[in-house]
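Visitor: Have a look at this one.
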Amino acid sequence: MTMSNVTTNPSAEDIAKASKHDLFTYYAAKTSVNPNLDIPSVPPVMDQVLKDTVDKYGTHVAEMAVTDYQGILQNFFVGLIGAKRILEIGSFTGSSAIYFANALKRNGVKPGPDANGIKPITGLDISEEFTGYARKNFDKAGVSDYINIVVGDARENLTNLIGETYDIVFIDADKTSYKFYYETVIKNNMLAKNGLMIVDNTALWEVPEFIGKPTDDAETTAIMKKPYPECTEEEVSRTLHDFNEYIRADPRTETIMFPIFTGVTFVRLL
(Lines give C-alpha, C1' and ligand atoms only; values in the text may rest on other atoms or scores of the structure.)
Protein backbone atom coordinates (compact mmCIF):
# COMPACT_ATOMS: atom_id res chain seq x y z
CA MET A 1 0.00 0.00 0.00
CA THR A 2 1.13 3.55 -0.66
CA MET A 3 -0.03 6.86 0.71
CA SER A 4 -2.18 7.51 -2.34
CA ASN A 5 -4.32 4.40 -2.07
CA VAL A 6 -5.32 4.70 1.58
CA THR A 7 -6.86 8.16 1.43
CA THR A 8 -10.24 8.53 3.12
CA ASN A 9 -11.46 10.78 0.32
CA PRO A 10 -10.45 9.33 -3.08
CA SER A 11 -11.27 11.33 -6.19
CA ALA A 12 -13.47 9.99 -9.01
CA GLU A 13 -10.30 9.60 -11.07
CA ASP A 14 -8.62 7.58 -8.27
CA ILE A 15 -11.61 5.25 -8.13
CA ALA A 16 -11.83 4.86 -11.89
CA LYS A 17 -8.14 3.87 -12.13
CA ALA A 18 -8.09 1.66 -9.05
CA SER A 19 -7.32 -2.03 -9.16
CA LYS A 20 -9.64 -4.33 -7.23
CA HIS A 21 -7.20 -4.36 -4.32
CA ASP A 22 -6.79 -0.57 -4.32
CA LEU A 23 -10.55 -0.15 -4.50
CA PHE A 24 -10.82 -2.30 -1.39
CA THR A 25 -8.34 -0.08 0.47
CA TYR A 26 -10.25 3.04 -0.57
CA TYR A 27 -13.45 1.45 0.65
CA ALA A 28 -11.93 0.33 3.96
CA ALA A 29 -10.47 3.78 4.61
CA LYS A 30 -13.66 5.66 3.72
CA THR A 31 -15.92 3.42 5.79
CA SER A 32 -13.63 3.93 8.80
CA VAL A 33 -14.60 7.62 9.01
CA ASN A 34 -17.62 8.50 11.16
CA PRO A 35 -19.02 11.81 9.84
CA ASN A 36 -21.07 12.45 12.99
CA LEU A 37 -18.39 12.72 15.63
CA ASP A 38 -17.92 15.95 17.58
CA ILE A 39 -14.18 15.33 17.31
CA PRO A 40 -13.72 14.14 13.71
CA SER A 41 -12.00 10.90 12.74
CA VAL A 42 -9.63 12.88 10.50
CA PRO A 43 -8.49 16.25 11.90
CA PRO A 44 -9.52 18.92 9.35
CA VAL A 45 -5.95 20.15 8.99
CA MET A 46 -4.54 16.82 7.81
CA ASP A 47 -5.03 17.30 4.06
CA GLN A 48 -3.12 20.58 4.24
CA VAL A 49 -0.40 19.12 6.47
CA LEU A 50 0.24 16.33 3.97
CA LYS A 51 0.10 18.66 0.97
CA ASP A 52 2.56 21.07 2.60
CA THR A 53 4.88 18.19 3.53
CA VAL A 54 4.85 16.90 -0.06
CA ASP A 55 5.42 20.41 -1.44
CA LYS A 56 8.34 21.03 0.91
CA TYR A 57 10.10 17.65 0.95
CA GLY A 58 8.74 15.71 -2.04
CA THR A 59 6.57 12.61 -2.19
CA HIS A 60 9.32 10.15 -1.26
CA VAL A 61 10.22 11.89 2.02
CA ALA A 62 6.56 12.69 2.76
CA GLU A 63 5.82 8.97 2.82
CA MET A 64 7.38 8.93 6.31
CA ALA A 65 4.14 10.55 7.53
CA VAL A 66 1.32 8.32 8.74
CA THR A 67 -1.66 8.08 6.41
CA ASP A 68 -5.20 9.01 7.43
CA TYR A 69 -6.11 5.34 7.64
CA GLN A 70 -3.18 4.52 9.92
CA GLY A 71 -3.96 7.53 12.08
CA ILE A 72 -7.56 6.38 12.46
CA LEU A 73 -6.45 2.80 13.20
CA GLN A 74 -3.97 3.82 15.89
CA ASN A 75 -6.47 6.17 17.47
CA PHE A 76 -9.01 3.37 17.68
CA PHE A 77 -6.61 1.64 20.07
CA VAL A 78 -5.93 4.88 21.96
CA GLY A 79 -9.66 5.02 22.64
CA LEU A 80 -9.96 1.30 23.33
CA ILE A 81 -7.47 1.35 26.21
CA GLY A 82 -8.45 4.84 27.42
CA ALA A 83 -4.93 6.20 26.99
CA LYS A 84 -3.95 9.40 28.77
CA ARG A 85 -0.20 9.65 28.10
CA ILE A 86 1.66 8.91 24.88
CA LEU A 87 5.33 8.66 23.97
CA GLU A 88 6.24 9.04 20.31
CA ILE A 89 9.75 8.12 19.17
CA GLY A 90 10.07 9.78 15.77
CA SER A 91 7.71 12.67 15.05
CA PHE A 92 8.66 13.87 11.54
CA THR A 93 6.33 16.76 10.56
CA GLY A 94 3.74 15.98 13.19
CA SER A 95 0.99 13.95 11.49
CA SER A 96 0.89 11.07 13.97
CA ALA A 97 1.10 13.39 16.99
CA ILE A 98 -1.86 15.41 15.67
CA TYR A 99 -3.87 12.21 15.37
CA PHE A 100 -2.86 11.13 18.87
CA ALA A 101 -3.87 14.52 20.29
CA ASN A 102 -7.20 14.15 18.54
CA ALA A 103 -7.72 10.77 20.22
CA LEU A 104 -6.74 12.10 23.63
CA LYS A 105 -9.35 14.83 23.29
CA ARG A 106 -11.97 12.10 22.79
CA ASN A 107 -10.64 10.38 25.92
CA GLY A 108 -11.29 13.56 27.89
CA VAL A 109 -7.63 14.45 28.36
CA LYS A 110 -7.16 18.15 28.98
CA PRO A 111 -4.46 20.16 27.18
CA GLY A 112 -1.45 21.60 28.93
CA PRO A 113 1.18 20.27 31.32
CA ASP A 114 0.36 18.17 34.37
CA ALA A 115 1.55 18.88 37.91
CA ASN A 116 5.04 17.79 36.88
CA GLY A 117 5.09 20.09 33.84
CA ILE A 118 4.63 17.27 31.32
CA LYS A 119 2.20 17.51 28.41
CA PRO A 120 0.08 14.45 27.47
CA ILE A 121 2.24 13.61 24.42
CA THR A 122 6.04 13.54 24.47
CA GLY A 123 7.77 13.28 21.10
CA LEU A 124 11.43 12.53 20.42
CA ASP A 125 13.04 13.52 17.14
CA ILE A 126 16.59 14.19 16.01
CA SER A 127 15.76 16.80 13.37
CA GLU A 128 15.49 20.48 14.29
CA GLU A 129 14.08 21.16 10.83
CA PHE A 130 11.31 18.54 10.97
CA THR A 131 10.50 19.48 14.56
CA GLY A 132 10.15 23.16 13.70
CA TYR A 133 7.80 22.25 10.88
CA ALA A 134 5.85 19.90 13.17
CA ARG A 135 5.32 22.65 15.75
CA LYS A 136 3.83 24.89 13.07
CA ASN A 137 1.48 22.06 12.16
CA PHE A 138 0.50 21.61 15.80
CA ASP A 139 -0.42 25.29 15.91
CA LYS A 140 -2.52 24.92 12.76
CA ALA A 141 -4.28 21.91 14.27
CA GLY A 142 -4.83 23.64 17.62
CA VAL A 143 -3.06 20.88 19.59
CA SER A 144 0.20 22.55 20.65
CA ASP A 145 -0.84 22.34 24.31
CA TYR A 146 -1.00 18.57 24.03
CA ILE A 147 2.46 17.92 22.59
CA ASN A 148 6.06 18.55 23.56
CA ILE A 149 8.88 17.43 21.28
CA VAL A 150 12.37 16.91 22.63
CA VAL A 151 14.99 17.41 19.92
CA GLY A 152 18.18 15.36 19.87
CA ASP A 153 19.40 11.77 19.90
CA ALA A 154 16.32 9.68 20.73
CA ARG A 155 18.41 7.01 22.44
CA GLU A 156 19.80 9.52 24.91
CA ASN A 157 16.52 11.36 25.37
CA LEU A 158 14.58 8.13 25.89
CA THR A 159 17.03 7.14 28.61
CA ASN A 160 16.40 10.51 30.25
CA LEU A 161 12.69 9.63 30.47
CA ILE A 162 13.22 6.46 32.51
CA GLY A 163 10.84 6.67 35.46
CA GLU A 164 7.95 7.92 33.31
CA THR A 165 5.11 5.61 32.28
CA TYR A 166 3.03 5.81 29.10
CA ASP A 167 -0.18 4.18 27.92
CA ILE A 168 0.90 4.23 24.27
CA VAL A 169 4.48 4.07 22.98
CA PHE A 170 4.77 4.68 19.23
CA ILE A 171 8.12 3.82 17.61
CA ASP A 172 8.78 5.24 14.15
CA ALA A 173 12.37 6.48 14.20
CA ASP A 174 15.69 5.05 12.93
CA LYS A 175 14.96 1.40 12.26
CA THR A 176 18.31 0.03 13.39
CA SER A 177 17.62 1.35 16.91
CA TYR A 178 14.25 -0.39 17.31
CA LYS A 179 15.62 -3.09 19.64
CA PHE A 180 17.20 -0.43 21.85
CA TYR A 181 13.96 1.55 22.06
CA TYR A 182 11.93 -1.59 22.75
CA GLU A 183 14.30 -2.88 25.43
CA THR A 184 14.60 0.49 27.17
CA VAL A 185 10.82 0.83 27.38
CA ILE A 186 10.08 -2.75 28.45
CA LYS A 187 13.00 -3.23 30.84
CA ASN A 188 12.35 0.05 32.65
CA ASN A 189 8.57 -0.36 32.95
CA MET A 190 7.86 2.67 30.77
CA LEU A 191 4.81 0.99 29.22
CA ALA A 192 1.75 0.84 31.46
CA LYS A 193 0.51 -2.63 32.38
CA ASN A 194 -2.51 -2.36 30.10
CA GLY A 195 -0.71 -0.15 27.60
CA LEU A 196 0.18 -0.70 23.98
CA MET A 197 3.36 -0.31 21.96
CA ILE A 198 2.94 0.41 18.24
CA VAL A 199 5.97 -0.13 16.02
CA ASP A 200 5.84 1.19 12.45
CA ASN A 201 7.59 -0.07 9.29
CA THR A 202 8.37 -3.52 10.69
CA ALA A 203 8.16 -5.11 7.21
CA LEU A 204 9.93 -2.30 5.36
CA TRP A 205 11.84 -2.87 2.11
CA GLU A 206 13.35 -6.37 1.96
CA VAL A 207 12.16 -7.62 5.38
CA PRO A 208 9.63 -10.16 4.01
CA GLU A 209 12.42 -11.82 2.01
CA PHE A 210 13.99 -12.92 5.30
CA ILE A 211 11.03 -15.17 6.15
CA GLY A 212 12.31 -18.39 7.67
CA LYS A 213 15.91 -17.22 7.71
CA PRO A 214 17.97 -17.32 10.93
CA THR A 215 18.96 -14.15 12.69
CA ASP A 216 22.57 -13.03 12.89
CA ASP A 217 23.28 -11.21 16.15
CA ALA A 218 26.88 -10.35 15.26
CA GLU A 219 25.95 -8.84 11.91
CA THR A 220 23.00 -6.95 13.38
CA THR A 221 25.15 -5.55 16.19
CA ALA A 222 27.69 -4.30 13.65
CA ILE A 223 24.96 -2.66 11.57
CA MET A 224 23.47 -0.98 14.65
CA LYS A 225 26.82 0.71 15.32
CA LYS A 226 26.81 2.41 11.90
CA PRO A 227 25.32 5.88 11.45
CA TYR A 228 21.77 5.25 10.26
CA PRO A 229 22.07 7.29 7.03
CA GLU A 230 24.98 5.08 5.98
CA CYS A 231 22.98 1.84 6.27
CA THR A 232 21.77 0.14 3.11
CA GLU A 233 18.19 -1.04 2.60
CA GLU A 234 19.41 -4.62 2.97
CA GLU A 235 21.12 -3.81 6.28
CA VAL A 236 18.07 -2.01 7.64
CA SER A 237 15.88 -4.91 6.51
CA ARG A 238 18.11 -7.42 8.29
CA THR A 239 18.00 -5.50 11.57
CA LEU A 240 14.22 -5.21 11.33
CA HIS A 241 13.94 -8.96 10.71
CA ASP A 242 16.13 -9.63 13.72
CA PHE A 243 14.04 -7.21 15.78
CA ASN A 244 10.82 -8.93 14.71
CA GLU A 245 12.22 -12.33 15.67
CA TYR A 246 13.51 -10.95 18.98
CA ILE A 247 10.16 -9.56 20.11
CA ARG A 248 8.27 -12.58 18.73
CA ALA A 249 10.23 -14.79 21.15
CA ASP A 250 10.11 -12.40 24.12
CA PRO A 251 8.23 -14.07 27.01
CA ARG A 252 7.43 -10.64 28.50
CA THR A 253 5.20 -9.54 25.65
CA GLU A 254 2.72 -10.62 22.99
CA THR A 255 2.97 -9.17 19.49
CA ILE A 256 0.96 -9.11 16.30
CA MET A 257 2.01 -7.57 12.99
CA PHE A 258 -0.70 -6.11 10.79
CA PRO A 259 0.18 -6.70 7.09
CA ILE A 260 -0.68 -3.14 6.13
CA PHE A 261 1.47 -0.29 4.77
CA THR A 262 5.05 -1.43 5.44
CA GLY A 263 4.09 -3.45 8.50
CA VAL A 264 2.63 -2.17 11.78
CA THR A 265 3.31 -4.24 14.88
CA PHE A 266 1.29 -4.03 18.11
CA VAL A 267 2.87 -5.16 21.37
CA ARG A 268 1.29 -5.69 24.78
CA LEU A 269 2.75 -6.76 28.10
CA LEU A 270 2.02 -10.18 29.56
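To be explicit about the labels: the chains of the C-alpha coordinates are called A, B, and onward in the order shown, and within each one the residues are counted from 1, while ligands get numbers from 1 in the order they are shown.
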Env of Val33 in chain A: 8 Å cut, atoms = only C-alpha atoms, seq-sep filter 4 positions within chain, self excluded. Answer as a ChimeraX atom specification.
Guide: /A:8,29,41-42,72
Visitor: Pick out each residue of range 44-238 of chain A that DSSP on the backbone tags as helix (DSSP H, G or I); I need them as a PyMOL selection string.
Guide: chain A and resi 46-62+68-80+95-106+128-141+144-146+154-160+175-187+207-210+217-224+228-230+233-238
Visitor: Name the residues of range 40-224 of chain A that come out as strand (DSSP E) in a backbone DSSP run; write them as a ChimeraX atom specification.
Guide: /A:86-89,121-125,147-151,166-171,191-200
Visitor: Set the distance at 12 Å and use only C-alpha atoms: which residues neighbour Thr221 in chain A once local chain neighbours fewer than 2 positions away are removed? I'd like the list as a VMD selection string.
Guide: chain A and resid 176 to 177 179 to 180 215 to 219 223 to 226 235 to 236 238 to 240 242 to 243
Visitor: Would you compute the distance between CA of Glu88 in chain A and CA of Thr25 in chain A? Give it in Å to one decimal.
Guide: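 These atoms are spaced 26.2 Å apart.
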Visitor: Using only C-alpha atoms, find the one residue out of A:Ser144, A:Ser11, A:Asn244, A:Ser32 that sits nearest to Val264 in chain A.
Guide: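 Result for the nearest residue to Val264 in chain A: A:Asn244.
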Visitor: Any idea what's packed within 8 Å of Thr265 in chain A, counting only C-alpha atoms, ignoring anything in its chain fewer than 5 positions away? Could you give it as a ChimeraX atom specification?
Guide: /A:198-200,202,255-258
